[in-house]
>>> print(open('target-v4.txt').read())   # compact mmCIF, C-alpha atoms and all ligand atoms
# COMPACT_ATOMS: atom_id res chain seq x y z
CA MET A 1 30.60 -8.58 -28.47
CA ASN A 2 28.97 -10.11 -25.40
CA PRO A 3 25.98 -12.39 -26.01
CA ILE A 4 22.88 -11.74 -23.88
CA ASN A 5 20.87 -14.65 -22.54
CA HIS A 6 19.15 -13.06 -19.60
CA VAL A 7 18.05 -9.57 -18.57
CA ALA A 8 16.66 -8.97 -15.07
CA ILE A 9 14.82 -5.77 -14.17
CA ILE A 10 13.86 -4.09 -10.90
CA MET A 11 10.92 -2.07 -12.19
CA ASP A 12 10.99 0.79 -9.69
CA GLY A 13 9.43 4.23 -9.74
CA ASN A 14 5.75 3.61 -10.52
CA GLY A 15 4.48 5.31 -7.38
CA ARG A 16 6.54 8.46 -7.85
CA TRP A 17 5.60 8.69 -11.54
CA GLY A 18 1.91 8.29 -10.67
CA MET A 19 2.03 10.96 -7.97
CA LYS A 20 3.87 13.39 -10.25
CA TYR A 21 1.61 13.11 -13.28
CA LYS A 22 -1.74 11.77 -12.04
CA ASN A 23 -1.71 12.40 -8.29
CA SER A 24 -2.18 8.65 -7.74
CA ARG A 25 0.39 5.93 -7.05
CA ASN A 26 -1.92 3.35 -8.60
CA ALA A 27 -2.05 5.29 -11.87
CA GLY A 28 1.72 4.81 -11.90
CA HIS A 29 1.34 1.05 -11.57
CA LYS A 30 -1.10 1.05 -14.47
CA ALA A 31 1.31 3.04 -16.62
CA GLY A 32 4.13 0.72 -15.54
CA LEU A 33 2.31 -2.20 -17.10
CA LYS A 34 2.52 -0.49 -20.50
CA THR A 35 6.29 -0.32 -20.10
CA VAL A 36 6.29 -4.05 -19.32
CA GLU A 37 4.60 -4.73 -22.66
CA LYS A 38 7.08 -2.53 -24.55
CA ILE A 39 10.06 -4.20 -22.91
CA ILE A 40 8.75 -7.71 -23.60
CA LYS A 41 8.46 -6.85 -27.31
CA GLU A 42 11.93 -5.34 -27.40
CA THR A 43 13.42 -8.33 -25.58
CA ILE A 44 12.04 -10.62 -28.29
CA LYS A 45 13.36 -8.29 -31.01
CA ASN A 46 16.80 -8.56 -29.44
CA ASN A 47 16.49 -12.35 -29.39
CA ILE A 48 17.08 -12.52 -25.63
CA LYS A 49 15.81 -15.79 -24.15
CA PHE A 50 15.17 -14.91 -20.49
CA LEU A 51 13.58 -11.81 -18.96
CA THR A 52 13.10 -11.62 -15.19
CA LEU A 53 10.79 -8.90 -13.88
CA TYR A 54 10.63 -7.95 -10.20
CA ALA A 55 6.95 -7.16 -9.67
CA PHE A 56 6.38 -7.69 -5.94
CA SER A 57 8.90 -8.33 -3.17
CA THR A 58 8.44 -10.17 0.12
CA GLU A 59 8.83 -6.71 1.72
CA ASN A 60 6.12 -5.07 -0.40
CA TRP A 61 3.43 -6.54 1.93
CA LYS A 62 4.26 -3.53 4.16
CA ARG A 63 2.37 -1.30 1.71
CA PRO A 64 -1.24 -0.16 2.25
CA LYS A 65 -3.76 -2.89 1.50
CA LYS A 66 -5.43 -0.75 -1.13
CA GLU A 67 -2.25 -0.48 -3.17
CA ILE A 68 -1.51 -4.19 -2.81
CA ASN A 69 -5.01 -5.09 -3.97
CA TYR A 70 -4.70 -2.75 -6.92
CA LEU A 71 -1.41 -4.35 -7.97
CA PHE A 72 -2.76 -7.88 -7.84
CA ASN A 73 -5.96 -6.89 -9.65
CA LEU A 74 -3.85 -5.36 -12.37
CA LEU A 75 -1.88 -8.58 -12.69
CA GLU A 76 -4.99 -10.74 -12.66
CA ASN A 77 -6.64 -8.70 -15.42
CA PHE A 78 -3.46 -8.66 -17.43
CA LEU A 79 -3.20 -12.44 -17.36
CA ILE A 80 -6.88 -13.00 -18.08
CA ASN A 81 -6.68 -10.71 -21.12
CA ARG A 82 -3.23 -11.52 -22.41
CA ILE A 83 -2.19 -15.06 -21.58
CA ASP A 84 -3.54 -16.49 -24.85
CA GLU A 85 -1.63 -13.92 -26.81
CA LEU A 86 1.57 -14.52 -24.85
CA ASP A 87 1.12 -18.21 -25.54
CA LYS A 88 0.65 -17.57 -29.26
CA GLN A 89 3.85 -15.56 -29.25
CA ASN A 90 5.62 -18.66 -27.94
CA ILE A 91 6.36 -17.02 -24.57
CA LYS A 92 6.78 -19.13 -21.45
CA LEU A 93 5.72 -17.65 -18.13
CA LYS A 94 7.32 -18.75 -14.89
CA ILE A 95 6.62 -17.40 -11.44
CA ILE A 96 9.48 -17.11 -8.97
CA GLY A 97 8.52 -16.39 -5.38
CA ASN A 98 5.92 -18.00 -3.17
CA LYS A 99 2.43 -18.23 -4.58
CA GLN A 100 0.55 -17.14 -1.50
CA PHE A 101 -2.14 -14.98 -3.02
CA SER A 102 -5.91 -15.17 -3.36
CA LYS A 103 -7.27 -18.53 -4.49
CA SER A 104 -8.28 -17.11 -7.86
CA LEU A 105 -4.87 -15.51 -8.54
CA ASN A 106 -2.98 -18.63 -7.45
CA LYS A 107 -5.13 -20.67 -9.82
CA LEU A 108 -4.59 -18.25 -12.67
CA LEU A 109 -0.82 -18.23 -12.13
CA ILE A 110 -0.64 -22.03 -12.12
CA TYR A 111 -2.86 -22.17 -15.22
CA SER A 112 -0.69 -19.60 -17.05
CA GLU A 113 2.52 -21.45 -16.22
CA LYS A 114 1.06 -24.76 -17.33
CA LYS A 115 -0.39 -23.38 -20.54
CA THR A 116 2.92 -21.84 -21.64
CA LYS A 117 5.37 -24.38 -20.25
CA ASN A 118 6.58 -25.73 -23.60
CA ASN A 119 7.07 -22.34 -25.24
CA LYS A 120 10.51 -21.53 -26.52
CA LYS A 121 10.84 -17.98 -27.85
CA LEU A 122 11.22 -16.14 -24.54
CA GLN A 123 10.91 -17.16 -20.89
CA ILE A 124 9.52 -14.46 -18.64
CA ASN A 125 10.22 -15.03 -14.97
CA LEU A 126 7.82 -12.95 -12.96
CA ALA A 127 9.13 -12.36 -9.44
CA LEU A 128 6.06 -12.20 -7.22
CA ASN A 129 6.24 -12.33 -3.46
CA TYR A 130 9.91 -12.96 -4.17
CA GLY A 131 12.77 -12.34 -1.75
CA SER A 132 16.32 -13.48 -2.30
CA LYS A 133 17.08 -14.10 1.38
CA ILE A 134 14.15 -16.46 1.91
CA GLU A 135 15.01 -18.19 -1.37
CA LEU A 136 18.55 -18.83 -0.08
CA VAL A 137 17.33 -20.05 3.31
CA ASN A 138 14.88 -22.43 1.63
CA ALA A 139 17.62 -23.74 -0.65
CA PHE A 140 19.80 -24.58 2.38
CA LYS A 141 16.87 -26.21 4.14
CA SER A 142 16.06 -28.39 1.17
CA ILE A 143 19.68 -29.49 0.70
CA ILE A 144 19.98 -30.39 4.36
CA LYS A 145 16.65 -32.21 4.40
CA ASN A 146 17.67 -34.32 1.40
CA LYS A 147 21.15 -34.87 2.91
CA GLU A 148 22.68 -33.64 -0.35
CA VAL A 149 26.19 -32.37 -0.91
CA ILE A 150 26.62 -28.62 -0.44
CA ASN A 151 28.54 -27.17 -3.35
CA ILE A 152 27.90 -24.32 -5.78
CA LYS A 153 26.52 -26.47 -8.57
CA ASN A 154 24.12 -28.40 -6.37
CA PHE A 155 23.09 -25.34 -4.37
CA THR A 156 22.04 -23.60 -7.58
CA LYS A 157 19.65 -26.48 -8.30
CA HIS A 158 17.74 -25.71 -5.10
CA LEU A 159 17.04 -22.09 -6.01
CA GLN A 160 13.81 -20.99 -7.62
CA THR A 161 15.88 -20.00 -10.64
CA LYS A 162 17.13 -23.53 -11.32
CA ASN A 163 17.53 -24.11 -15.07
CA ILE A 164 17.70 -20.36 -15.65
CA PRO A 165 21.13 -18.92 -16.52
CA ASP A 166 22.36 -16.09 -14.29
CA PRO A 167 21.40 -12.61 -15.54
CA ASP A 168 23.91 -10.95 -17.83
CA ILE A 169 22.30 -7.59 -17.24
CA LEU A 170 20.50 -6.20 -14.20
CA ILE A 171 18.60 -2.95 -14.69
CA ARG A 172 17.04 -0.92 -11.89
CA THR A 173 14.98 2.08 -12.91
CA GLY A 174 13.78 4.82 -10.56
CA ASP A 175 17.03 6.54 -9.61
CA THR A 176 17.70 4.26 -6.64
CA ASN A 177 20.99 2.40 -6.24
CA ARG A 178 20.12 -0.70 -4.27
CA LEU A 179 19.12 -4.32 -4.85
CA SER A 180 16.09 -4.59 -2.52
CA ASN A 181 16.52 -8.33 -1.89
CA PHE A 182 16.56 -9.33 -5.58
CA LEU A 183 18.56 -12.31 -6.94
CA LEU A 184 21.50 -11.76 -4.59
CA TRP A 185 23.17 -15.06 -5.49
CA GLN A 186 22.38 -14.97 -9.19
CA ILE A 187 23.80 -11.52 -9.94
CA ALA A 188 27.31 -12.31 -8.69
CA TYR A 189 28.70 -11.42 -12.14
CA SER A 190 25.87 -9.44 -13.74
CA GLU A 191 26.54 -6.05 -15.25
CA ILE A 192 24.40 -3.59 -13.28
CA PHE A 193 22.72 -0.52 -14.76
CA PHE A 194 21.03 2.00 -12.48
CA GLU A 195 18.65 4.17 -14.50
CA LYS A 196 17.47 7.60 -13.46
CA LYS A 197 14.14 7.31 -15.27
CA LEU A 198 11.08 6.06 -13.41
CA TRP A 199 9.72 2.75 -14.75
CA PRO A 200 6.65 4.18 -16.58
CA ALA A 201 8.96 6.60 -18.41
CA PHE A 202 11.51 3.95 -19.39
CA ASN A 203 11.26 3.04 -23.07
CA GLU A 204 12.66 0.93 -25.90
CA LYS A 205 15.35 3.48 -26.67
CA ASP A 206 16.63 3.46 -23.07
CA TYR A 207 16.61 -0.34 -23.07
CA ASN A 208 18.51 -0.60 -26.33
CA LYS A 209 21.08 1.92 -25.12
CA ILE A 210 21.82 -0.35 -22.16
CA ILE A 211 22.00 -3.42 -24.40
CA LYS A 212 24.41 -1.65 -26.74
CA LYS A 213 26.59 -0.54 -23.85
CA PHE A 214 26.58 -4.02 -22.33
CA LYS A 215 27.72 -5.64 -25.56
CA ARG A 216 30.98 -3.70 -25.46
CA ILE A 217 31.85 -4.24 -21.80
CA LYS A 218 34.96 -6.32 -21.11
CA ARG A 219 33.64 -9.05 -18.81
CA ASN A 220 36.50 -10.57 -16.85
CA PHE A 221 34.87 -13.06 -14.48
CA GLY A 222 37.98 -12.68 -12.37
CA GLY A 223 40.39 -13.22 -15.24
CA ILE A 224 42.25 -10.51 -17.16
C1 LIG B 301 7.07 -0.24 -8.52
O1 LIG B 301 7.56 0.95 -8.07
C2 LIG B 301 7.56 -1.40 -7.76
C3 LIG B 301 6.52 -2.20 -7.07
C4 LIG B 301 6.69 -2.59 -5.86
C5 LIG B 301 5.30 -2.57 -7.77
P1 LIG B 301 7.18 1.58 -6.67
O2 LIG B 301 5.75 1.35 -6.36
O3 LIG B 301 8.13 1.13 -5.64
O4 LIG B 301 7.41 3.10 -7.01
P2 LIG B 301 8.13 4.18 -6.11
O5 LIG B 301 9.51 3.67 -5.84
O6 LIG B 301 7.32 4.30 -4.86
O7 LIG B 301 8.13 5.41 -6.94
C1 LIG B 302 11.78 -3.13 -5.34
O1 LIG B 302 11.21 -1.87 -5.27
C2 LIG B 302 10.72 -4.16 -5.57
C3 LIG B 302 10.09 -4.14 -6.87
C4 LIG B 302 10.43 -3.38 -7.89
C5 LIG B 302 9.02 -5.08 -7.05
P1 LIG B 302 10.82 -1.22 -3.87
O2 LIG B 302 10.30 0.13 -4.17
O3 LIG B 302 9.95 -2.14 -3.09
O4 LIG B 302 12.24 -1.13 -3.14
P2 LIG B 302 12.66 -0.29 -1.86
O5 LIG B 302 11.65 -0.56 -0.79
O6 LIG B 302 12.64 1.15 -2.27
O7 LIG B 302 14.03 -0.76 -1.54
MG MG B 303 9.99 1.83 -5.10
>>> encode(input="target-v4.txt", output="structure tokens")
Amino acid sequence: MNPINHVAIIMDGNGRWGMKYKNSRNAGHKAGLKTVEKIIKETIKNNIKFLTLYAFSTENWKRPKKEINYLFNLLENFLINRIDELDKQNIKLKIIGNKQFSKSLNKLLIYSEKKTKNNKKLQINLALNYGSKIELVNAFKSIIKNKEVINIKNFTKHLQTKNIPDPDILIRTGDTNRLSNFLLWQIAYSEIFFEKKLWPAFNEKDYNKIIKKFKRIKRNFGGI
């Protein structure tokens, strides 16, 4: 059976869920946060050490300001209310993406990372203002600037995911079969699961079904 170190998730479908059931995209984002909590718990139960959640892409700035503000308020409140508890649960929070938000959110993110940095049970990588293409460009820039050797091993050290193993599983909810600029380098050999359900409707049972299926896949990594 395949071991699982790292699950990455593109949490898509909040807006459509919100419109369908509450006539509000933002209500979908709020409901999506509940799914995040469920999935964190289930990840710990499954003894998985890394969980990467795509929460806001570099392209999501194209959305209406009102929706963007709602999303970041949701995140800010979540961290204010829950960071102590996450810390007590031995969870480490890491942000991947560029921290170019309001002063107060930037401060809160840095505080949360610092507070939880020695925790060992689970590392949650929250992808915020994250885009894989800019991450790759920045990695090249930094290698060139430092006049370092360009090879796969060294290149990996210049990514925002340095010290994080590549995802074993990538899940995208929301009935959409694309990657939307997420971890393009890191998912070279991930097993990909596209889920029909919208993120707020995704639950522990769906997650465990994927985990069970993954465990039985024959992973070749180019071999036979
Ligand atoms: C959540 O889903 C992803 C975020 C960018 C927060 P969406 O907001 O993209 O939901 P849909 O795809 O419009 O339904
Ligand atoms: C991907 O979802 C980004 C996140 C889940 C944060 P999007 O809804 O932004 O993706 P596209 O625009 O449909 O490709
Ligand atoms: Mg979407």
>>> atom_distance(input="target-v4.txt", atom1="atom CA of A:Glu204", atom2="atom CA of A:Gly28")
18.2 Å
>>> atom_distance(input="target-v4.txt", atom1="atom CA of A:Asn60", atom2="atom CA of A:Lys103")
19.4 Å
>>> residues_around(input="target-v4.txt", residues="A:Phe56", least_positions_apart="6", cutoff="7 Å", atoms="all atoms listed in the file", output="ChimeraX atom specification")
/A:127-130
>>> write_last_selection(input="target-v4.txt", atoms="C-alpha atoms", output="compact mmCIF listing (two decimals), in the coordinates of the input")
# COMPACT_ATOMS: atom_id res chain seq x y z
CA ALA A 127 9.13 -12.36 -9.44
CA LEU A 128 6.06 -12.20 -7.22
CA ASN A 129 6.24 -12.33 -3.46
CA TYR A 130 9.91 -12.96 -4.17
>>> closest_atom_pairs(input="target-v4.txt", of="chain A", to="ligand LIG 302 (chain B)", cutoff="6 Å", atoms="all atoms listed in the file", output="Markdown table")
| residue | atom | partner | partner_atom | distance |
| --- | --- | --- | --- | --- |
| A:Ile10 | CA | B:LIG302 | C4 | 4.6 |
| A:Met11 | CA | B:LIG302 | C4 | 4.5 |
| A:Asp12 | CA | B:LIG302 | C4 | 4.6 |
| A:Tyr54 | CA | B:LIG302 | C5 | 4.6 |
| A:Ala55 | CA | B:LIG302 | C5 | 3.9 |
| A:Phe56 | CA | B:LIG302 | C5 | 3.9 |
| A:Ser57 | CA | B:LIG302 | C5 | 5.1 |
| A:Asn60 | CA | B:LIG302 | O3 | 5.5 |
| A:Ser180 | CA | B:LIG302 | O7 | 4.5 |
>>> write_last_selection(input="target-v4.txt", atoms="C-alpha atoms", output="compact mmCIF listing (two decimals), in the frame of the given file")
# COMPACT_ATOMS: atom_id res chain seq x y z
CA ILE A 10 13.86 -4.09 -10.90
CA MET A 11 10.92 -2.07 -12.19
CA ASP A 12 10.99 0.79 -9.69
CA TYR A 54 10.63 -7.95 -10.20
CA ALA A 55 6.95 -7.16 -9.67
CA PHE A 56 6.38 -7.69 -5.94
CA SER A 57 8.90 -8.33 -3.17
CA ASN A 60 6.12 -5.07 -0.40
CA SER A 180 16.09 -4.59 -2.52
>>> closest_residue(input="target-v4.txt", among="A:Asn181, A:Pro200, A:Asp206, A:Asn73", to="A:Gly18", atoms="only C-alpha atoms")
A:Pro200
>>> residues_near_point(input="target-v4.txt", point="(12.8, -11.4, -30.0)", cutoff="12 Å", atoms="all atoms listed in the file", output="list in words")
Ile4, Asn5, Lys38, Ile39, Ile40, Lys41, Glu42, Thr43, Ile44, Lys45, Asn46, Asn47, Ile48, Lys49, Phe50, Leu51, Gln89, Asn90, Ile91, Lys120, Lys121, Leu122 and Gln123 of chain A
>>> build_atoms(input="target-v4.txt", residues="stretch 35-55 of chain A", atoms="N, CA and C atoms", output="mmCIF file, in the frame of the given file")
data_model
loop_
_atom_site.group_PDB
_atom_site.id
_atom_site.type_symbol
_atom_site.label_atom_id
_atom_site.label_comp_id
_atom_site.auth_asym_id
_atom_site.auth_seq_id
_atom_site.Cartn_x
_atom_site.Cartn_y
_atom_site.Cartn_z
ATOM 1 N N THR A 35 4.841 -0.160 -19.886
ATOM 2 C CA THR A 35 6.290 -0.320 -20.100
ATOM 3 C C THR A 35 6.661 -1.795 -20.155
ATOM 4 N N VAL A 36 6.014 -2.610 -19.303
ATOM 5 C CA VAL A 36 6.290 -4.050 -19.320
ATOM 6 C C VAL A 36 6.041 -4.597 -20.721
ATOM 7 N N GLU A 37 4.929 -4.215 -21.322
ATOM 8 C CA GLU A 37 4.600 -4.730 -22.660
ATOM 9 C C GLU A 37 5.645 -4.306 -23.691
ATOM 10 N N LYS A 38 6.063 -3.036 -23.614
ATOM 11 C CA LYS A 38 7.080 -2.530 -24.550
ATOM 12 C C LYS A 38 8.385 -3.325 -24.395
ATOM 13 N N ILE A 39 8.761 -3.563 -23.156
ATOM 14 C CA ILE A 39 10.060 -4.200 -22.910
ATOM 15 C C ILE A 39 10.025 -5.680 -23.313
ATOM 16 N N ILE A 40 8.880 -6.319 -23.142
ATOM 17 C CA ILE A 40 8.750 -7.710 -23.600
ATOM 18 C C ILE A 40 8.987 -7.765 -25.117
ATOM 19 N N LYS A 41 8.322 -6.883 -25.841
ATOM 20 C CA LYS A 41 8.460 -6.850 -27.310
ATOM 21 C C LYS A 41 9.916 -6.638 -27.714
ATOM 22 N N GLU A 42 10.549 -5.693 -27.045
ATOM 23 C CA GLU A 42 11.930 -5.340 -27.400
ATOM 24 C C GLU A 42 12.896 -6.467 -27.026
ATOM 25 N N THR A 43 12.573 -7.202 -25.989
ATOM 26 C CA THR A 43 13.420 -8.330 -25.580
ATOM 27 C C THR A 43 13.373 -9.405 -26.673
ATOM 28 N N ILE A 44 12.179 -9.640 -27.205
ATOM 29 C CA ILE A 44 12.040 -10.620 -28.290
ATOM 30 C C ILE A 44 12.801 -10.138 -29.530
ATOM 31 N N LYS A 45 12.653 -8.850 -29.842
ATOM 32 C CA LYS A 45 13.360 -8.290 -31.010
ATOM 33 C C LYS A 45 14.867 -8.506 -30.894
ATOM 34 N N ASN A 46 15.362 -8.408 -29.669
ATOM 35 C CA ASN A 46 16.800 -8.560 -29.440
ATOM 36 C C ASN A 46 17.213 -10.026 -29.299
ATOM 37 N N ASN A 47 16.225 -10.911 -29.457
ATOM 38 C CA ASN A 47 16.490 -12.350 -29.390
ATOM 39 C C ASN A 47 17.093 -12.794 -28.051
ATOM 40 N N ILE A 48 16.635 -12.167 -26.981
ATOM 41 C CA ILE A 48 17.080 -12.520 -25.630
ATOM 42 C C ILE A 48 16.117 -13.585 -25.106
ATOM 43 N N LYS A 49 16.641 -14.620 -24.477
ATOM 44 C CA LYS A 49 15.810 -15.790 -24.150
ATOM 45 C C LYS A 49 15.166 -15.743 -22.771
ATOM 46 N N PHE A 50 15.731 -14.983 -21.849
ATOM 47 C CA PHE A 50 15.170 -14.910 -20.490
ATOM 48 C C PHE A 50 15.028 -13.446 -20.040
ATOM 49 N N LEU A 51 13.837 -13.141 -19.506
ATOM 50 C CA LEU A 51 13.580 -11.810 -18.960
ATOM 51 C C LEU A 51 12.970 -11.999 -17.571
ATOM 52 N N THR A 52 13.639 -11.488 -16.547
ATOM 53 C CA THR A 52 13.100 -11.620 -15.190
ATOM 54 C C THR A 52 12.638 -10.248 -14.709
ATOM 55 N N LEU A 53 11.380 -10.173 -14.290
ATOM 56 C CA LEU A 53 10.790 -8.900 -13.880
ATOM 57 C C LEU A 53 10.400 -8.949 -12.404
ATOM 58 N N TYR A 54 10.941 -8.007 -11.637
ATOM 59 C CA TYR A 54 10.630 -7.950 -10.200
ATOM 60 C C TYR A 54 9.338 -7.134 -10.056
ATOM 61 N N ALA A 55 8.257 -7.824 -9.721
ATOM 62 C CA ALA A 55 6.950 -7.160 -9.670
ATOM 63 C C ALA A 55 6.460 -6.936 -8.246
#
